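Pasted below: coords26.txt, compact mmCIF, C-alpha atoms.
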```txt
# COMPACT_ATOMS: atom_id res chain seq x y z
CA MET A 137 -148.95 -191.72 98.24
CA ARG A 138 -146.35 -190.46 100.68
CA VAL A 139 -142.83 -189.41 99.78
CA GLY A 140 -139.81 -189.25 102.08
CA LEU A 141 -136.14 -188.34 101.98
CA GLN A 142 -133.23 -190.18 103.57
CA VAL A 143 -129.94 -188.38 104.24
CA PRO A 144 -127.24 -191.09 104.41
CA SER A 145 -124.15 -188.88 104.11
CA PHE A 146 -122.92 -185.82 105.97
CA THR A 147 -119.90 -185.21 103.76
CA PHE A 148 -120.93 -181.66 102.92
CA PRO A 149 -118.55 -179.07 101.40
CA GLY A 150 -116.74 -176.92 103.93
CA GLY A 151 -115.78 -179.46 106.57
CA PRO A 152 -117.33 -180.30 109.96
CA GLU A 153 -118.34 -176.72 110.74
CA GLN A 154 -120.70 -176.80 107.74
CA ILE A 155 -122.44 -180.07 108.63
CA GLY A 156 -125.01 -178.42 110.91
CA PRO A 157 -126.03 -175.63 108.51
CA ALA A 158 -126.08 -177.95 105.49
CA PHE A 159 -128.12 -180.69 107.16
CA GLY A 160 -130.45 -178.09 108.63
CA ARG A 161 -130.99 -176.65 105.18
CA VAL A 162 -131.90 -180.09 103.78
CA ALA A 163 -134.35 -180.68 106.63
CA ARG A 164 -136.06 -177.32 106.14
CA GLU A 165 -136.27 -177.79 102.37
CA ALA A 166 -137.82 -181.25 102.77
CA ASP A 167 -140.35 -179.87 105.26
CA GLN A 168 -141.26 -176.90 103.09
CA ALA A 169 -141.54 -179.12 100.00
CA GLY A 170 -144.33 -181.07 101.71
CA LEU A 171 -142.47 -184.36 102.03
CA HIS A 172 -143.92 -186.73 104.58
CA SER A 173 -140.75 -188.03 106.19
CA LEU A 174 -137.07 -187.36 106.83
CA TRP A 175 -134.73 -190.22 107.71
CA VAL A 176 -131.12 -190.65 108.76
CA MET A 177 -129.22 -193.91 109.09
CA ASP A 178 -128.58 -195.17 112.59
CA HIS A 179 -124.89 -195.79 112.01
CA PHE A 180 -121.76 -194.52 113.71
CA PHE A 181 -119.34 -195.32 110.87
CA GLN A 182 -120.23 -194.64 107.25
CA ILE A 183 -121.35 -197.77 105.36
CA ALA A 184 -119.39 -199.12 102.40
CA MET A 185 -122.09 -198.52 99.78
CA VAL A 186 -122.00 -194.79 100.59
CA GLY A 187 -118.37 -194.10 101.47
CA PRO A 188 -115.38 -195.14 103.60
CA PRO A 189 -115.95 -195.66 107.34
CA GLU A 190 -113.93 -192.51 108.09
CA ASP A 191 -116.47 -190.24 106.36
CA PRO A 192 -118.44 -187.96 108.73
CA MET A 193 -121.39 -189.71 110.40
CA LEU A 194 -123.75 -188.14 112.92
CA GLU A 195 -125.47 -190.00 115.74
CA GLY A 196 -128.99 -190.53 114.44
CA TYR A 197 -131.24 -189.34 117.26
CA SER A 198 -129.19 -186.22 117.94
CA ALA A 199 -129.45 -185.38 114.24
CA LEU A 200 -133.22 -185.93 114.26
CA ALA A 201 -133.67 -183.79 117.36
CA TYR A 202 -131.79 -181.01 115.59
CA ALA A 203 -134.01 -181.43 112.53
CA ALA A 204 -137.13 -181.42 114.71
CA ALA A 205 -136.29 -177.96 116.00
CA LEU A 206 -135.94 -176.62 112.46
CA THR A 207 -139.10 -178.15 110.95
CA GLU A 208 -142.83 -178.11 111.56
CA ARG A 209 -144.61 -180.95 109.76
CA ILE A 210 -142.25 -183.60 108.46
CA THR A 211 -142.04 -186.88 110.37
CA LEU A 212 -138.64 -188.08 111.61
CA GLY A 213 -137.02 -191.48 111.93
CA THR A 214 -133.95 -193.66 111.66
CA MET A 215 -133.61 -196.07 108.76
CA VAL A 216 -133.02 -198.12 110.93
CA THR A 217 -131.76 -198.51 114.50
CA GLY A 218 -129.69 -201.63 115.11
CA VAL A 219 -131.37 -203.38 118.01
CA THR A 220 -128.14 -204.17 119.86
CA TYR A 221 -126.89 -200.56 119.89
CA ARG A 222 -129.21 -199.33 122.65
CA HIS A 223 -131.00 -200.94 125.58
CA PRO A 224 -134.71 -201.19 124.69
CA GLY A 225 -135.94 -199.07 127.60
CA ILE A 226 -133.47 -196.30 126.76
CA LEU A 227 -134.27 -196.51 123.05
CA LEU A 228 -137.98 -196.12 123.73
CA LYS A 229 -137.36 -193.15 126.02
CA THR A 230 -135.27 -191.61 123.24
CA VAL A 231 -137.96 -192.06 120.58
CA THR A 232 -140.64 -190.86 123.00
CA THR A 233 -138.59 -187.74 123.74
CA LEU A 234 -138.26 -187.05 120.02
CA ASP A 235 -142.02 -187.53 119.62
CA VAL A 236 -142.85 -185.14 122.47
CA LEU A 237 -140.43 -182.41 121.42
CA SER A 238 -141.40 -182.62 117.74
CA GLY A 239 -145.13 -182.45 118.45
CA GLY A 240 -145.84 -186.08 117.56
CA ARG A 241 -143.62 -186.64 114.53
CA ALA A 242 -141.35 -189.53 115.53
CA TRP A 243 -140.97 -193.02 114.08
CA LEU A 244 -139.31 -196.03 115.65
CA GLY A 245 -137.32 -197.54 112.80
CA ILE A 246 -135.62 -200.72 113.92
CA GLY A 247 -133.87 -203.83 112.64
CA ALA A 248 -131.62 -206.69 113.72
CA ALA A 249 -128.34 -204.79 113.04
CA TRP A 250 -125.72 -205.93 110.55
CA TYR A 251 -122.68 -203.60 110.57
CA GLU A 252 -120.22 -205.52 112.71
CA GLU A 253 -117.26 -203.23 112.00
CA GLU A 254 -118.81 -200.22 113.73
CA ALA A 255 -120.08 -202.30 116.63
CA ARG A 256 -116.67 -203.80 117.26
CA GLY A 257 -114.98 -200.47 116.67
CA LEU A 258 -117.01 -198.69 119.35
CA GLY A 259 -117.36 -201.62 121.73
CA ALA A 260 -121.08 -202.21 121.20
CA PRO A 261 -122.35 -205.78 121.62
CA PHE A 262 -122.79 -207.72 118.41
CA PRO A 263 -124.06 -211.22 119.19
CA PRO A 264 -124.75 -213.87 116.53
CA VAL A 265 -127.62 -213.22 114.15
CA ALA A 266 -130.06 -215.61 115.86
CA GLU A 267 -129.61 -213.78 119.16
CA ARG A 268 -129.97 -210.40 117.49
CA PHE A 269 -133.38 -211.46 116.19
CA GLU A 270 -134.36 -212.71 119.64
CA ARG A 271 -133.38 -209.32 121.05
CA LEU A 272 -135.34 -207.59 118.29
CA GLU A 273 -138.51 -209.46 119.14
CA GLU A 274 -138.13 -208.73 122.85
CA THR A 275 -137.57 -205.05 122.08
CA LEU A 276 -140.75 -204.96 120.00
CA GLU A 277 -142.68 -206.57 122.86
CA ILE A 278 -141.28 -204.00 125.28
CA ALA A 279 -142.18 -201.16 122.89
CA HIS A 280 -145.83 -202.16 122.78
CA ARG A 281 -145.96 -202.53 126.56
CA MET A 282 -144.22 -199.25 127.38
CA TRP A 283 -146.27 -197.27 124.89
CA LYS A 284 -149.46 -198.70 126.38
CA GLY A 285 -148.37 -197.37 129.76
CA ASP A 286 -147.81 -200.86 131.18
CA GLU A 287 -145.27 -200.42 134.00
CA SER A 288 -145.27 -204.05 135.09
CA ALA A 289 -141.92 -205.83 135.16
CA PHE A 290 -140.71 -207.43 131.95
CA ARG A 291 -138.69 -210.63 132.09
CA GLY A 292 -137.28 -211.85 128.80
CA GLY A 293 -134.47 -214.08 127.72
CA HIS A 294 -132.16 -211.11 127.17
CA TYR A 295 -133.75 -208.09 128.86
CA SER A 296 -135.23 -207.47 132.28
CA LEU A 297 -137.00 -204.21 133.12
CA GLU A 298 -138.17 -203.77 136.71
CA ARG A 299 -140.46 -200.82 135.98
CA PRO A 300 -140.68 -199.65 132.34
CA LEU A 301 -141.99 -196.21 133.24
CA ASN A 302 -142.30 -193.84 130.29
CA SER A 303 -143.18 -190.32 131.40
CA PRO A 304 -144.05 -188.14 129.59
CA PRO A 305 -145.90 -190.47 127.25
CA ALA A 306 -145.57 -190.18 123.49
CA LEU A 307 -147.93 -187.71 121.83
CA THR A 308 -148.62 -189.95 118.82
CA ARG A 309 -151.55 -192.26 119.40
CA PRO A 310 -151.65 -195.13 119.93
CA HIS A 311 -147.84 -194.83 119.71
CA PRO A 312 -145.12 -193.65 117.32
CA PRO A 313 -145.30 -195.90 114.27
CA ILE A 314 -142.97 -198.90 114.39
CA LEU A 315 -141.15 -199.58 111.14
CA ILE A 316 -139.07 -202.74 110.75
CA GLY A 317 -136.41 -202.56 108.08
CA GLY A 318 -135.31 -205.53 106.00
CA GLY A 319 -136.70 -208.16 103.71
CA GLY A 320 -135.74 -211.40 105.44
CA GLU A 321 -138.57 -213.75 104.58
CA LYS A 322 -138.51 -216.14 107.55
CA LYS A 323 -137.87 -213.77 110.46
CA THR A 324 -137.99 -210.07 109.55
CA LEU A 325 -141.24 -210.06 107.60
CA ARG A 326 -142.85 -212.34 110.20
CA LEU A 327 -141.98 -209.77 112.87
CA VAL A 328 -143.47 -207.04 110.66
CA ALA A 329 -146.76 -208.94 110.49
CA ARG A 330 -146.77 -209.53 114.25
CA TYR A 331 -145.56 -206.20 115.67
CA ALA A 332 -145.03 -203.41 113.13
CA ASP A 333 -147.00 -200.58 111.64
CA ALA A 334 -144.73 -200.37 108.59
CA CYS A 335 -142.13 -202.33 106.69
CA ASN A 336 -139.23 -201.05 104.63
CA LEU A 337 -138.08 -202.86 101.51
CA PHE A 338 -135.58 -201.97 98.83
CA ASP A 339 -136.93 -200.81 95.50
CA GLY A 340 -135.87 -203.60 93.17
CA ASP A 341 -136.82 -206.74 91.31
CA GLU A 342 -137.82 -208.61 94.48
CA LEU A 343 -140.25 -205.99 95.76
CA HIS A 344 -143.40 -207.78 94.52
CA HIS A 345 -142.20 -211.08 95.94
CA LYS A 346 -141.37 -209.60 99.34
CA LEU A 347 -144.83 -208.06 99.59
CA ASP A 348 -146.37 -211.43 98.74
CA VAL A 349 -144.31 -213.05 101.50
CA LEU A 350 -145.47 -210.38 103.94
CA ARG A 351 -149.07 -210.99 102.90
CA GLY A 352 -148.63 -214.67 103.73
CA HIS A 353 -147.22 -213.88 107.17
CA CYS A 354 -150.15 -211.54 107.80
CA GLU A 355 -152.60 -214.32 106.96
CA ARG A 356 -150.88 -216.68 109.40
CA GLU A 357 -150.78 -214.01 112.14
CA GLY A 358 -154.39 -212.98 111.62
CA ARG A 359 -153.26 -209.48 110.65
CA ASP A 360 -154.87 -207.29 108.02
CA PHE A 361 -152.20 -206.79 105.34
CA ALA A 362 -153.69 -203.37 104.53
CA GLU A 363 -152.94 -202.14 108.08
CA ILE A 364 -149.19 -202.22 107.41
CA GLU A 365 -147.68 -199.22 105.65
CA LYS A 366 -145.43 -200.45 102.86
CA THR A 367 -142.40 -198.23 102.47
CA SER A 368 -139.58 -198.61 99.96
CA LEU A 369 -136.06 -197.21 99.91
CA GLY A 370 -134.52 -196.30 96.57
CA TYR A 371 -132.16 -193.84 94.95
CA PHE A 372 -131.57 -191.96 91.72
CA SER A 373 -128.34 -191.82 89.75
CA GLY A 374 -127.75 -188.08 89.68
CA THR A 375 -130.45 -185.53 90.38
CA PRO A 376 -133.59 -186.67 88.53
CA SER A 377 -135.97 -184.52 86.56
CA VAL A 378 -139.43 -184.02 88.01
CA GLY A 379 -140.74 -186.32 85.28
CA GLU A 380 -138.35 -189.11 86.27
CA ALA A 381 -139.39 -188.76 89.90
CA VAL A 382 -143.09 -188.83 88.94
CA ASP A 383 -142.59 -191.99 86.89
CA THR A 384 -140.72 -193.72 89.71
CA ILE A 385 -143.29 -192.78 92.35
CA GLY A 386 -146.09 -193.95 90.06
CA ARG A 387 -144.36 -197.27 89.42
CA LEU A 388 -143.91 -197.85 93.15
CA ALA A 389 -147.56 -197.04 93.81
CA GLU A 390 -148.56 -199.60 91.19
CA SER A 391 -146.39 -202.11 93.04
CA GLY A 392 -148.33 -201.54 96.25
CA VAL A 393 -145.94 -199.14 97.98
CA ASP A 394 -147.63 -196.54 100.21
CA HIS A 395 -144.59 -194.47 101.09
CA ALA A 396 -141.66 -194.01 98.70
CA ILE A 397 -138.42 -192.94 100.40
CA PHE A 398 -135.43 -191.81 98.37
CA SER A 399 -131.84 -191.70 99.51
CA GLN A 400 -130.05 -188.44 98.73
CA GLY A 401 -126.71 -189.06 97.01
CA SER A 402 -123.64 -186.88 97.19
CA GLY A 403 -124.22 -183.58 95.41
CA GLN A 404 -127.91 -184.27 94.86
CA ASP A 405 -130.61 -181.75 95.74
CA LEU A 406 -133.63 -184.02 95.97
CA ALA A 407 -136.06 -182.23 98.27
CA GLY A 408 -137.30 -179.70 95.72
CA VAL A 409 -137.62 -182.27 92.92
CA LEU A 410 -139.50 -184.68 95.15
CA GLY A 411 -141.77 -181.90 96.36
CA GLU A 412 -142.74 -181.01 92.80
CA ALA A 413 -143.24 -184.66 91.93
CA LEU A 414 -145.37 -185.13 95.02
CA ALA A 415 -147.66 -182.32 93.90
CA GLN A 416 -148.35 -184.34 90.77
CA THR A 417 -148.57 -187.80 92.34
CA GLY A 418 -149.90 -187.15 95.82
CA LYS A 419 -153.40 -188.38 94.97
CA ILE A 420 -152.17 -191.71 93.59
CA VAL A 421 -153.61 -194.61 95.56
CA PRO A 422 -151.20 -197.54 95.83
CA ALA A 423 -152.35 -200.83 94.33
CA GLY A 424 -154.38 -202.91 96.77
CA ARG A 425 -155.56 -199.93 98.80
```

Target format C-alpha cells, applied to this file:
Amino acid sequence: MRVGLQVPSFTFPGGPEQIGPAFGRVAREADQAGLHSLWVMDHFFQIAMVGPPEDPMLEGYSALAYAAALTERITLGTMVTGVTYRHPGILLKTVTTLDVLSGGRAWLGIGAAWYEEEARGLGAPFPPVAERFERLEETLEIAHRMWKGDESAFRGGHYSLERPLNSPPALTRPHPPILIGGGGEKKTLRLVARYADACNLFDGDELHHKLDVLRGHCEREGRDFAEIEKTSLGYFSGTPSVGEAVDTIGRLAESGVDHAIFSQGSGQDLAGVLGEALAQTGKIVPAGR
C-alpha cells in the first residue's frame, strides 16, 4: 500500500514571504516520513471547495521543481493538469524536465480540465467539454509517442507536431507514470483503460462502482485491470490520530485502492501522522492484488 500527500492550499501564516519555507517544510517532512508521493493541484486560482479564488495559488510545476530540490525519494505530480492549459509538446517537456532533475520521480497527472473561471481569467482556451476530451486523448497519444522517442510528425484533429523531439529523455522507464484524474464512466475511465498507468478516484460511496466500471473498460480494451494503479483522493476533518489514519488506509486497501492520497487541510500537519500510519499499514496488499 502506498500513501501520498496533496497540498491544495498555500495560505500559510506569515504572508507570501513564508510560502516557500512553509511548503518546503511540508515537502521535506513528507519525504522523511516515507510517503510515496507529493501532489499539488494544477490550478492558477484557488478552487471553491478549498477557498476563494483570491487565495494564494502557486503554479504547479514550478512548485514541484522546488520540492524536487528539497527531497530525495518522494515522487512528484500534479493532481491534475488541465489538458487545455498547456500545449502537449510543452507539457511533456516540462514533465520530462521534472523527471530528469528529480532523478526519475515525476508523474504526469492529467485530466480534461473543468475550472472555467481561471481559464477565462487568465486567457487560457476553454473549449466545450467534448473538445476537451478530444484534446485529452490526443495529448495521451502524443505522450506515448514522445516518451518512446518517436520523432515522427503527429497530425491530429487539434494538435500538429512537426518533430516531437524530447531530449534529454525521461529517466523513468518506460516513461513517467501517466495518471488520469476523474471518474467519468463513459470517457475518462475508458481513457484510463486505454492509455494510463494509474487512475485517481475520490474516496466515497461510489468508489467500488467506479472500479467496476474501469474493470469493464479494461476487458473491452484488452487491458489487464491489475496493471493500472488505483489511487484515491480523500481528506480528514481535522488532524487525525494515527489510529484513524490506519483504519482509513486499511479500508481503502480492502476496496482495491493501491495508493491512498490525502489532501492536507488548513492547519493540518498530516505528513508525520501518515508516516506513522504507513509504518503500520505498508505491508497491506490491496484487495484483488

Fill in: atom CA of Thr147 of chain A to atom CA of Asp191 of chain A, distance in Å rounded to a single decimal
6.6 Å

Worksheet item: Between A:Phe262, A:Phe159, A:Trp175, A:Tyr251, which one has atoms that come closest to Thr211 of chain A, using only C-alpha atoms?
Response: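 Using only C-alpha atoms, the shortest distance to Thr211 of chain A belongs to A:Trp175.
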
At a cut-off of 6 Å, using only C-alpha atoms, what residues contact segment 215-225 of chain A? Leave out same-chain residues fewer than 2 positions from it and give the result as a JSON list (two decimals) with C-alpha atoms, in the frame of the given file.
```
[["chain", "number", "residue", "atom", "x", "y", "z"],
["A", 176, "VAL", "CA", -131.12, -190.65, 108.76],
["A", 177, "MET", "CA", -129.22, -193.91, 109.09],
["A", 178, "ASP", "CA", -128.58, -195.17, 112.59],
["A", 227, "LEU", "CA", -134.27, -196.51, 123.05],
["A", 228, "LEU", "CA", -137.98, -196.12, 123.73],
["A", 245, "GLY", "CA", -137.32, -197.54, 112.80],
["A", 246, "ILE", "CA", -135.62, -200.72, 113.92],
["A", 247, "GLY", "CA", -133.87, -203.83, 112.64],
["A", 248, "ALA", "CA", -131.62, -206.69, 113.72],
["A", 249, "ALA", "CA", -128.34, -204.79, 113.04],
["A", 272, "LEU", "CA", -135.34, -207.59, 118.29],
["A", 275, "THR", "CA", -137.57, -205.05, 122.08]]
```

Practice prompt. Give the answer as one residue: which of A:Leu414, A:Leu244, A:Leu194, A:Leu406 has the shortest atom-to-atom distance to Ala306 of chain A, using all atoms listed in the file?
Written response: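 The answer is A:Leu244, which sits nearest to Ala306 of chain A.
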
Item to complete: List the neighbours of Val378 of chain A out to 7 Å using all atoms listed in the file; skip same-chain residues closer than 2 positions along the sequence, and give me the result as number ranges by chain.
Response: A: 376, 380-382, 409, 412-413

Selected residues written out with C-alpha atoms, as a short mmCIF file (atom, residue, chain, number, x, y, z; two decimals), keeping the file's coordinate frame:
```
data_model
loop_
_atom_site.label_atom_id
_atom_site.label_comp_id
_atom_site.auth_asym_id
_atom_site.auth_seq_id
_atom_site.Cartn_x
_atom_site.Cartn_y
_atom_site.Cartn_z
CA PRO A 376 -133.59 -186.67 88.53
CA GLU A 380 -138.35 -189.11 86.27
CA ALA A 381 -139.39 -188.76 89.90
CA VAL A 382 -143.09 -188.83 88.94
CA VAL A 409 -137.62 -182.27 92.92
CA GLU A 412 -142.74 -181.01 92.80
CA ALA A 413 -143.24 -184.66 91.93
#
```

Item to complete: Measure the distance from atom CA of Val139 of chain A to atom CA of Ser173 of chain A in Å and round it to one decimal.
Response: 6.9 Å

Discussion item. Quick one: residues within 6 Å of segment 320-334 of chain A, all atoms listed in the file, excluding same-chain residues fewer than 4 positions away - as JSON, numbers by chain?
Written reply: {"A": [313, 314, 315, 350, 353, 354, 364, 365, 366]}

Fill in: Point (-130.0, -187.3, 111.7), cut-off 8 Å, counting only C-alpha atoms, residues as a PyMOL selection string
chain A and resi 143+175-177+194-203+214

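Restricting the calculation to all atoms listed in the file, the smallest distance between Lys346 of chain A and any of A:Ser296, A:Thr367, A:Gln154, A:Gln168 is found for A:Thr367.
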
Discussion item. Here is a test: counting all atoms listed in the file, which residue of A:Gly340, A:Leu171, A:Leu347, A:Glu267 is nearest to Thr384 of chain A?
Written reply: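 Selected residue with least distance to Thr384 of chain A: A:Gly340.
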